[in-house]
Number of protein chains: 2
Amino acid sequence: MMNDIKGYVFDLDGTIFRGNQLIEGADSTINFLRSIGKKIVFLSNRGNISRQRCKEKLLKVGIEAHTDEIILSSSVAASFLKNAYDQSKVWILGEKDLEDELRLAQVHLAKHPEEADWLLISLHETLTYHDLNHAFKAVASGARIIATNADKYVPTEQGNSIDVAGMIGAIESSTGRRVEIVVGKPSWLMAEAVLNQLGLSAEECLVVGDSMESDIAFGKMFGFKTTLVLTGSTDRAMATGHNYEADFTLESIKELKFLIEEGLR
Amino acid sequence: MMNDIKGYVFDLDGTIFRGNQLIEGADSTINFLRSIGKKIVFLSNRGNISRQRCKEKLLKVGIEAHTDEIILSSSVAASFLKNAYDQSKVWILGEKDLEDELRLAQVHLAKHPEEADWLLISLHETLTYHDLNHAFKAVASGARIIATNADKYVPTEQGNSIDVAGMIGAIESSTGRRVEIVVGKPSWLMAEAVLNQLGLSAEECLVVGDSMESDIAFGKMFGFKTTLVLTGSTDRAMATGHNYEADFTLESIKELKFLIEEGLR
């Protein structure tokens, strides 16, 4: 089956990277797939980096990628807002890179929180009370809430850290309003972005990731083949007991190369 | 009836102060009450200032008060944690003044978030992602959650700003754990603190405040007499339609003095 796959969809954190460290074999696997003519996209719920930044980060560890091959919740949020709400003004609770993606997509940015039609919430690791208060004012003045993702915590080199769910909770609890759209996996927006980029049908593609919910359930939901890698948030015990399972479970992305090579022999 | 009152319980923000400005007549009313031998306490849900700071703030606008006459959710949280959880270690998501109150009450402060038994959440106007993340780590490592208050927004000179509900929401949403104790009005902890300080029964005391929930419902719940003032969060229209009402509704604290003087004649 593995050899019928034409497109590979790689999660980033926990699959390609752990923190800023490359996971062993990620580079050789990607390069090998390219050498045998496979299509590749990198698909991440990261809303706090731009595709450009991500491209540089990949290049640093020896993985070449075209910006179009990188699909992040930041860039998907930007295209969604541009396509579906072209007239709307957006206020950001997030970082510079997210703003860069919105500017690239020509989304209208609100100059003051009070004039915003949407508040876009993302991970914001340099957040202050001031930022939180601006986001509060946007929603208290009528802005609707969209989030790049809704992960509770992000794994870092210093253990788990509070993620976008925390920022969403702060705004929901203080305004009584609820988030309306979560862009990141397992959303249809991310699936659509992947299939548009690859120009393939879902069953011709393999989603490779470390999260049962964001990668495996996501893949199943849209008809992709799925591979769980155990280099991130999920260990073998956590991989069972769901009402779905991965088509393949591998110790790491490194094994993927061996598996395909074997099939080619 | 007003002249049978022996103890006066004044809310602060919206009743005595608006921002840093004294509400006209607050000083003369307080001084008049003292001159005719009435007992007074100031009762506020503020968790981000200490009684000492509050005393200085009152003095600046011409109101003398003893520290014991000032009851804040910061000081009540401190005594509660000391009395009920003497062995527990506490991590604070809040400001220096709150820490001062905990130190005064000899509450054990955790040195690292991971060792905390309780996370105490309060308004934190200099909050950063780092602070939020420490609070997250405390709860992710098992700390229970207590909050000085759960107000959604705090009125400031620049309009409403995000309050403790936002900070609570951030931690609840990212950890899946819920706050267990909210110290501020309308809690029994605040009523107990008032009655202990005044040495009176509730029906001998009048609660004066600008909030239907934090002051009027609070007063009713514990058998206090109640007076709504319209100098804060509630206007005359908002004062109706509840299943309780204030015994008196006054334009401001200034009128309270006239009312009592009239009764004395």
# chains A, B, ... in the order shown; residues from 1 in each chain; ligands from 1
>>> interface_residues(of="chain B", to="chain A", cutoff="8 Å", atoms="only C-alpha atoms", output="PyMOL selection string")
chain B and resi 124-130+132-133+136-137+151-153+160-175
>>> calpha_fit_rmsd(fixed="chain A", moving="chain B")
0.0 Å
>>> atom_distance(atom1="CA of Ser122 (chain A)", atom2="CA of Thr156 (chain A)")
16.6 Å
>>> residues_around(residues="Phe10 (chain A)", least_positions_apart="2", cutoff="8 Å", atoms="only C-alpha atoms", output="PyMOL selection string")
chain A and resi 8+12+15-16+40-43+207-209
>>> residues_around(residues="region 102-116 of chain A", least_positions_apart="3", cutoff="9 Å", atoms="only C-alpha atoms", output="VMD selection string")
chain A and resid 74 to 75 77 to 79 81 to 82 85 to 92 97 to 99 119 134 to 144
>>> residues_around(residues="Ile63 (chain B)", least_positions_apart="3", cutoff="8 Å", atoms="only C-alpha atoms", output="MDAnalysis selection string")
chainID B and resid 27 30:31 58:60
>>> write_last_selection(atoms="all heavy atoms", output="tab-separated table (two decimals), in the first residue's frame")
chain	number	residue	atom	x	y	z
B	27	ASP	N	-15.79	61.46	51.14
B	27	ASP	CA	-15.00	61.80	52.33
B	27	ASP	C	-15.88	62.38	53.44
B	27	ASP	O	-15.81	61.95	54.60
B	27	ASP	CB	-13.85	62.75	51.98
B	27	ASP	CG	-14.30	63.94	51.13
B	27	ASP	OD1	-15.48	63.95	50.67
B	27	ASP	OD2	-13.50	64.87	50.93
B	30	ILE	N	-18.12	59.64	55.08
B	30	ILE	CA	-17.35	58.75	55.96
B	30	ILE	C	-17.01	59.48	57.28
B	30	ILE	O	-17.22	58.95	58.37
B	30	ILE	CB	-16.03	58.29	55.29
B	30	ILE	CG1	-16.29	57.60	53.95
B	30	ILE	CG2	-15.22	57.40	56.24
B	30	ILE	CD1	-16.94	56.26	54.00
B	31	ASN	N	-16.52	60.71	57.14
B	31	ASN	CA	-16.12	61.45	58.33
B	31	ASN	C	-17.32	61.75	59.23
B	31	ASN	O	-17.22	61.69	60.46
B	31	ASN	CB	-15.39	62.74	57.93
B	31	ASN	CG	-14.07	62.42	57.24
B	31	ASN	OD1	-13.49	61.34	57.48
B	31	ASN	ND2	-13.59	63.32	56.38
B	58	LEU	N	-6.73	55.81	50.30
B	58	LEU	CA	-7.84	56.49	50.97
B	58	LEU	C	-7.36	57.77	51.64
B	58	LEU	O	-8.01	58.82	51.57
B	58	LEU	CB	-8.47	55.55	52.02
B	58	LEU	CG	-9.38	54.44	51.48
B	58	LEU	CD1	-9.63	53.37	52.53
B	58	LEU	CD2	-10.72	55.02	51.00
B	59	LEU	N	-6.21	57.68	52.28
B	59	LEU	CA	-5.66	58.84	53.01
B	59	LEU	C	-5.42	60.01	52.06
B	59	LEU	O	-5.68	61.16	52.38
B	59	LEU	CB	-4.36	58.43	53.71
B	59	LEU	CG	-3.90	59.37	54.82
B	59	LEU	CD1	-4.97	59.47	55.92
B	59	LEU	CD2	-2.58	58.88	55.43
B	60	LYS	N	-4.94	59.67	50.87
B	60	LYS	CA	-4.64	60.67	49.84
B	60	LYS	C	-5.87	61.52	49.51
B	60	LYS	O	-5.75	62.67	49.12
B	60	LYS	CB	-4.19	59.96	48.56
B	60	LYS	CG	-2.85	60.42	48.05
B	60	LYS	CD	-2.59	59.80	46.69
B	60	LYS	CE	-1.10	59.57	46.50
B	60	LYS	NZ	-0.85	58.72	45.34
>>> residues_around(residues="region 210-222 of chain B", least_positions_apart="2", cutoff="9 Å", atoms="only C-alpha atoms", output="VMD selection string")
chain B and resid 11 to 15 45 184 to 188 191 202 to 203 206 to 208 224 to 235 238 to 239 242 244 to 247
>>> atom_distance(atom1="CA of Thr148 (chain A)", atom2="CA of Val183 (chain A)")
4.9 Å
>>> select_by_dssp(residues="region 41-182 of chain B", states="alpha helix (DSSP H)", output="JSON, numbers by chain")
{"B": [51, 52, 53, 54, 55, 56, 57, 58, 59, 60, 73, 74, 75, 76, 77, 78, 79, 80, 81, 82, 83, 84, 96, 97, 98, 99, 100, 101, 102, 103, 104, 129, 130, 131, 132, 133, 134, 135, 136, 137, 138, 139, 140, 164, 165, 166, 167, 168, 169, 170, 171, 172, 173, 174, 175]}
